file run.pdb (PDB, C-alpha atoms)
ATOM      1  CA  MET A   1       0.000   0.000   0.000
ATOM      2  CA  PRO A   2       1.301   3.457  -0.757
ATOM      3  CA  ARG A   3       2.475   5.526   2.155
ATOM      4  CA  ALA A   4       1.283   9.095   2.360
ATOM      5  CA  ARG A   5       1.171  11.870   4.869
ATOM      6  CA  THR A   6      -2.100  12.210   6.719
ATOM      7  CA  THR A   7      -4.073  15.267   5.719
ATOM      8  CA  PHE A   8      -7.078  16.920   7.263
ATOM      9  CA  HIS A   9      -9.288  15.426   4.575
ATOM     10  CA  GLU A  10      -8.363  11.839   5.321
ATOM     11  CA  LEU A  11     -10.375   9.589   7.598
ATOM     12  CA  SER A  12      -9.309   6.738   9.833
ATOM     13  CA  VAL A  13     -10.924   3.329   9.371
ATOM     14  CA  GLY A  14     -12.986   3.941  12.519
ATOM     15  CA  GLN A  15     -14.248   7.265  11.182
ATOM     16  CA  VAL A  16     -15.254   5.676   7.880
ATOM     17  CA  ALA A  17     -16.992   2.852   9.768
ATOM     18  CA  ASP A  18     -18.876   5.315  11.980
ATOM     19  CA  ARG A  19     -19.908   7.578   9.116
ATOM     20  CA  SER A  20     -20.868   4.800   6.696
ATOM     21  CA  GLY A  21     -22.470   2.365   9.131
ATOM     22  CA  VAL A  22     -20.223  -0.416   7.828
ATOM     23  CA  ALA A  23     -18.139  -2.583  10.144
ATOM     24  CA  ILE A  24     -14.385  -2.096  10.147
ATOM     25  CA  SER A  25     -13.975  -5.725   9.070
ATOM     26  CA  ALA A  26     -16.205  -5.044   6.044
ATOM     27  CA  LEU A  27     -14.071  -2.040   5.098
ATOM     28  CA  HIS A  28     -10.943  -4.201   5.286
ATOM     29  CA  PHE A  29     -12.724  -6.800   3.144
ATOM     30  CA  TYR A  30     -13.745  -4.163   0.570
ATOM     31  CA  GLU A  31     -10.150  -3.001   0.461
ATOM     32  CA  ARG A  32      -8.825  -6.537  -0.087
ATOM     33  CA  LYS A  33     -11.329  -6.926  -2.934
ATOM     34  CA  GLY A  34     -10.117  -3.697  -4.564
ATOM     35  CA  LEU A  35     -13.344  -1.769  -4.002
ATOM     36  CA  ILE A  36     -11.789   0.968  -1.871
ATOM     37  CA  GLN A  37      -8.235   2.139  -1.264
ATOM     38  CA  SER A  38      -6.300   3.491   1.667
ATOM     39  CA  THR A  39      -2.913   4.949   2.306
ATOM     40  CA  ARG A  40      -0.794   4.288   5.380
ATOM     41  CA  THR A  41       0.557   6.724   7.906
ATOM     42  CA  ALA A  42       4.105   6.575   9.214
ATOM     43  CA  SER A  43       2.759   4.404  12.054
ATOM     44  CA  ASN A  44       1.101   2.064   9.492
ATOM     45  CA  GLN A  45      -2.494   3.150  10.193
ATOM     46  CA  ARG A  46      -4.964   3.159   7.340
ATOM     47  CA  ARG A  47      -6.254   6.491   6.050
ATOM     48  CA  TYR A  48      -9.086   6.853   3.558
ATOM     49  CA  SER A  49      -9.886   9.837   1.390
ATOM     50  CA  ARG A  50     -13.318  11.380   1.931
ATOM     51  CA  ASP A  51     -14.624  10.035  -1.382
ATOM     52  CA  THR A  52     -14.451   6.585   0.237
ATOM     53  CA  LEU A  53     -17.713   7.393   2.047
ATOM     54  CA  ARG A  54     -19.542   7.789  -1.270
ATOM     55  CA  ARG A  55     -17.886   4.689  -2.677
ATOM     56  CA  VAL A  56     -18.998   2.650   0.347
ATOM     57  CA  ALA A  57     -22.542   3.989  -0.087
ATOM     58  CA  PHE A  58     -22.364   2.975  -3.767
ATOM     59  CA  ILE A  59     -21.162  -0.520  -2.794
ATOM     60  CA  ARG A  60     -23.930  -0.969  -0.226
ATOM     61  CA  ALA A  61     -26.654   0.268  -2.582
ATOM     62  CA  SER A  62     -25.383  -2.054  -5.308
ATOM     63  CA  GLN A  63     -25.263  -5.025  -2.950
ATOM     64  CA  HIS A  64     -28.755  -4.204  -1.741
ATOM     65  CA  VAL A  65     -30.141  -4.781  -5.236
ATOM     66  CA  GLY A  66     -28.181  -8.024  -5.591
ATOM     67  CA  ILE A  67     -25.149  -6.961  -7.605
ATOM     68  CA  SER A  68     -22.030  -9.061  -7.026
ATOM     69  CA  LEU A  69     -18.869  -7.540  -5.603
ATOM     70  CA  THR A  70     -17.064  -8.437  -8.822
ATOM     71  CA  ALA A  71     -19.545  -6.409 -10.886
ATOM     72  CA  ILE A  72     -19.347  -3.554  -8.385
ATOM     73  CA  ARG A  73     -15.547  -3.523  -8.609
ATOM     74  CA  GLU A  74     -15.719  -3.516 -12.405
ATOM     75  CA  ALA A  75     -18.088  -0.546 -12.245
ATOM     76  CA  LEU A  76     -15.922   1.365  -9.770
ATOM     77  CA  ASP A  77     -12.853   0.651 -11.898
ATOM     78  CA  GLN A  78     -14.448   2.864 -14.568
ATOM     79  CA  LEU A  79     -14.207   5.873 -12.218
ATOM     80  CA  PRO A  80     -11.057   7.857 -11.562
ATOM     81  CA  ASN A  81      -9.487   7.286  -8.145
ATOM     82  CA  GLU A  82     -10.191   9.809  -5.442
ATOM     83  CA  ARG A  83     -13.285  11.119  -7.156
ATOM     84  CA  THR A  84     -16.646  10.818  -5.521
ATOM     85  CA  PRO A  85     -19.160   8.845  -7.634
ATOM     86  CA  THR A  86     -21.885  11.221  -8.741
ATOM     87  CA  ARG A  87     -25.566  10.692  -9.449
ATOM     88  CA  GLU A  88     -24.694  10.558 -13.142
ATOM     89  CA  ASP A  89     -22.066   7.879 -12.455
ATOM     90  CA  TRP A  90     -24.651   5.810 -10.583
ATOM     91  CA  ALA A  91     -27.165   6.166 -13.430
ATOM     92  CA  ARG A  92     -24.605   5.198 -16.083
ATOM     93  CA  LEU A  93     -23.104   2.296 -14.157
ATOM     94  CA  SER A  94     -26.380   0.901 -12.862
ATOM     95  CA  ALA A  95     -27.943   1.030 -16.346
ATOM     96  CA  ALA A  96     -25.602  -1.799 -17.298
ATOM     97  CA  TRP A  97     -27.174  -3.924 -14.551
ATOM     98  CA  HIS A  98     -30.790  -3.516 -15.703
ATOM     99  CA  THR A  99     -30.768  -6.608 -17.943
ATOM    100  CA  GLU A 100     -29.295  -8.757 -15.187
ATOM    101  CA  LEU A 101     -31.797  -7.445 -12.639
ATOM    102  CA  ASP A 102     -34.721  -7.944 -15.034
ATOM    103  CA  ALA A 103     -33.648 -11.571 -15.536
ATOM    104  CA  ARG A 104     -33.450 -12.090 -11.765
ATOM    105  CA  ILE A 105     -36.877 -10.552 -11.277
ATOM    106  CA  ALA A 106     -38.335 -12.868 -13.916
ATOM    107  CA  GLN A 107     -36.649 -15.855 -12.239
ATOM    108  CA  LEU A 108     -38.029 -14.887  -8.829
ATOM    109  CA  GLN A 109     -41.517 -14.374 -10.257
ATOM    110  CA  ALA A 110     -41.384 -17.831 -11.843
ATOM    111  CA  LEU A 111     -40.223 -19.272  -8.523
ATOM    112  CA  GLN A 112     -43.073 -17.512  -6.734
ATOM    113  CA  ASN A 113     -45.584 -18.901  -9.232
ATOM    114  CA  ASP A 114     -44.164 -22.409  -8.887
ATOM    115  CA  LEU A 115     -44.493 -22.251  -5.109
ATOM    116  CA  THR A 116     -48.253 -21.845  -5.382
ATOM    117  CA  GLU A 117     -48.430 -25.270  -7.023
ATOM    118  CA  CYS A 118     -46.919 -27.069  -4.045
ATOM    119  CA  ILE A 119     -49.185 -27.907  -1.123
ATOM    120  CA  GLY A 120     -46.227 -28.622   1.155
ATOM    121  CA  CYS A 121     -47.142 -32.222   1.938
ATOM    122  CA  GLY A 122     -43.549 -33.417   1.663
ATOM    123  CA  CYS A 123     -44.222 -36.179  -0.853
ATOM    124  CA  LEU A 124     -41.988 -34.477  -3.414
ATOM    125  CA  SER A 125     -43.560 -36.526  -6.156
ATOM    126  CA  LEU A 126     -46.247 -34.117  -7.312
ATOM    127  CA  ARG A 127     -46.326 -33.634 -11.059
ATOM    128  CA  ALA A 128     -46.719 -29.917 -10.469
ATOM    129  CA  CYS A 129     -43.670 -29.511  -8.206
ATOM    130  CA  HIS A 130     -41.359 -27.578 -10.513
ATOM    131  CA  LEU A 131     -38.890 -26.773  -7.766
ATOM    132  CA  THR A 132     -37.509 -30.051  -6.463
ATOM    133  CA  ASN A 133     -39.125 -32.596  -8.750
ATOM    134  CA  PRO A 134     -39.496 -31.335 -12.308
ATOM    135  CA  ARG A 135     -41.491 -33.696 -14.548
ATOM    136  CA  ASP A 136     -42.264 -35.913 -11.498
ATOM    137  CA  VAL A 137     -39.036 -37.910 -11.775
ATOM    138  CA  LEU A 138     -39.335 -39.007  -8.126
ATOM    139  CA  GLY A 139     -42.835 -40.367  -8.708
ATOM    140  CA  ARG A 140     -41.297 -43.141 -10.810
ATOM    141  CA  GLU A 141     -39.431 -44.384  -7.727
ATOM    142  CA  GLY A 142     -42.616 -45.172  -5.845
ATOM    143  CA  PRO A 143     -45.155 -43.571  -3.522
ATOM    144  CA  GLY A 144     -44.487 -41.331  -0.550
ATOM    145  CA  ALA A 145     -41.812 -38.917   0.428
ATOM    146  CA  ARG A 146     -38.852 -40.110  -1.614
ATOM    147  CA  ARG A 147     -36.288 -37.665  -0.179
ATOM    148  CA  LEU A 148     -37.194 -38.003   3.472
ATOM    149  CA  PRO A 149     -35.494 -40.682   5.611
ATOM    150  CA  GLN A 150     -37.440 -43.934   5.571
ATOM    151  CA  THR A 151     -38.955 -44.940   8.906
ATOM    152  CA  GLN A 152     -39.295 -48.566   9.934
TER     153      GLN A 152
END

call {"tool": "encode", "arguments": {"input": "run.pdb", "output": "C-alpha cells"}}
result
Amino acid sequence: MPRARTTFHELSVGQVADRSGVAISALHFYERKGLIQSTRTASNQRRYSRDTLRRVAFIRASQHVGISLTAIREALDQLPNERTPTREDWARLSAAWHTELDARIAQLQALQNDLTECIGCGCLSLRACHLTNPRDVLGREGPGARRLPQTQ
C-alpha cells in the first residue's frame, strides 16, 4: 500500500466505519477486494480519502439490489481514483445492470408462481412440483416422500 502523509481530509478506518455504518472488518474486506483504497501513515495506520464514504454507499446500494462484488468492482474501476461517484455515475453504471436485474426478477416471479403449485405435503412426487421434482421424476421411484429418511 502506498504511504502518504495524513491530511485533514483523510479519515481513519474507525471514522469511515462510523460515518458509513459499515463494520471495520467489512471495510478491510472491501479493500482486499479492490473496491476501496487506503494509504498508510508513518505508524502504518490506514487512512481513507473522503470520497471513500460515497464509494462505500455505492457498494452498499449495489449489494442491496443483488449486484455481485465483482460487478461492483468492475463498475468502480471505470471511475477515476479519489473522485466521488456522482448521481450521473450511478445512473450510467447501474444502467448496465438492468438486464441482469430484469432476468433475476423474472426468475423470482417464476419461482413464486411455482411455489403456489406445491401444497407442502412433503411427498416431493407431485407432477406440479417444478422446484424439487421437475417432470415428477421421483414419482417413478414409488409412492411417498422419496427424499425423506425412511422410517421402519

call {"tool": "resolve_selection", "arguments": {"input": "run.pdb", "expression": "the PyMOL selection byres ((chain A and resi 84) around 6)", "output": "JSON, numbers by chain"}}
result
{"A": [51, 54, 83, 85]}

call {"tool": "residues_around", "arguments": {"input": "run.pdb", "residues": "Glu100 in chain A", "least_positions_apart": "5", "cutoff": "12 Å", "atoms": "only C-alpha atoms", "output": "short mmCIF file (atom, residue, chain, number, x, y, z; two decimals) with C-alpha atoms, in the coordinates of the input"}}
result
data_model
loop_
_atom_site.label_atom_id
_atom_site.label_comp_id
_atom_site.auth_asym_id
_atom_site.auth_seq_id
_atom_site.Cartn_x
_atom_site.Cartn_y
_atom_site.Cartn_z
CA VAL A 65 -30.14 -4.78 -5.24
CA GLY A 66 -28.18 -8.02 -5.59
CA ILE A 67 -25.15 -6.96 -7.60
CA SER A 68 -22.03 -9.06 -7.03
CA ALA A 71 -19.55 -6.41 -10.89
CA SER A 94 -26.38 0.90 -12.86
CA ALA A 95 -27.94 1.03 -16.35
CA ILE A 105 -36.88 -10.55 -11.28
CA ALA A 106 -38.34 -12.87 -13.92
CA GLN A 107 -36.65 -15.86 -12.24
#

call {"tool": "closest_residue", "arguments": {"input": "run.pdb", "among": "A:Gln109, A:Thr70, A:Ser62, A:Ser20", "to": "Leu93 in chain A", "atoms": "all atoms listed in the file"}}
result
A:Ser62

call {"tool": "atom_distance", "arguments": {"input": "run.pdb", "atom1": "CA of Leu108 in chain A", "atom2": "CA of Arg60 in chain A"}}
result
21.6 Å

call {"tool": "axis_aligned_box", "arguments": {"input": "run.pdb", "around": "range 61-65 of chain A", "padding_each_side": "4 Å", "output": "lines of an AutoDock Vina configuration file"}}
result
center_x = -27.7
center_y = -2.4
center_z = -3.5
size_x = 12.9
size_y = 13.3
size_z = 11.6

call {"tool": "residues_around", "arguments": {"input": "run.pdb", "residues": "Ser12 in chain A", "least_positions_apart": "5", "cutoff": "12 Å", "atoms": "all atoms listed in the file", "output": "PyMOL selection string"}}
result
chain A and resi 6-7+17-19+24+27-28+38-41+44-50+52-53

call {"tool": "closest_residue", "arguments": {"input": "run.pdb", "among": "A:Gln112, A:Ala26, A:Leu101, A:Gln37", "to": "Leu11 in chain A", "atoms": "all atoms listed in the file"}}
result
A:Gln37

call {"tool": "atom_distance", "arguments": {"input": "run.pdb", "atom1": "CA of Gly21 in chain A", "atom2": "CA of Asp89 in chain A"}}
result
22.3 Å

call {"tool": "atom_distance", "arguments": {"input": "run.pdb", "atom1": "CA of Pro80 in chain A", "atom2": "CA of Gln15 in chain A"}}
result
23.0 Å

call {"tool": "closest_residue", "arguments": {"input": "run.pdb", "among": "A:Ala96, A:Ala61, A:Val56, A:Ala42", "to": "Ala75 in chain A", "atoms": "all atoms listed in the file"}}
result
A:Ala96
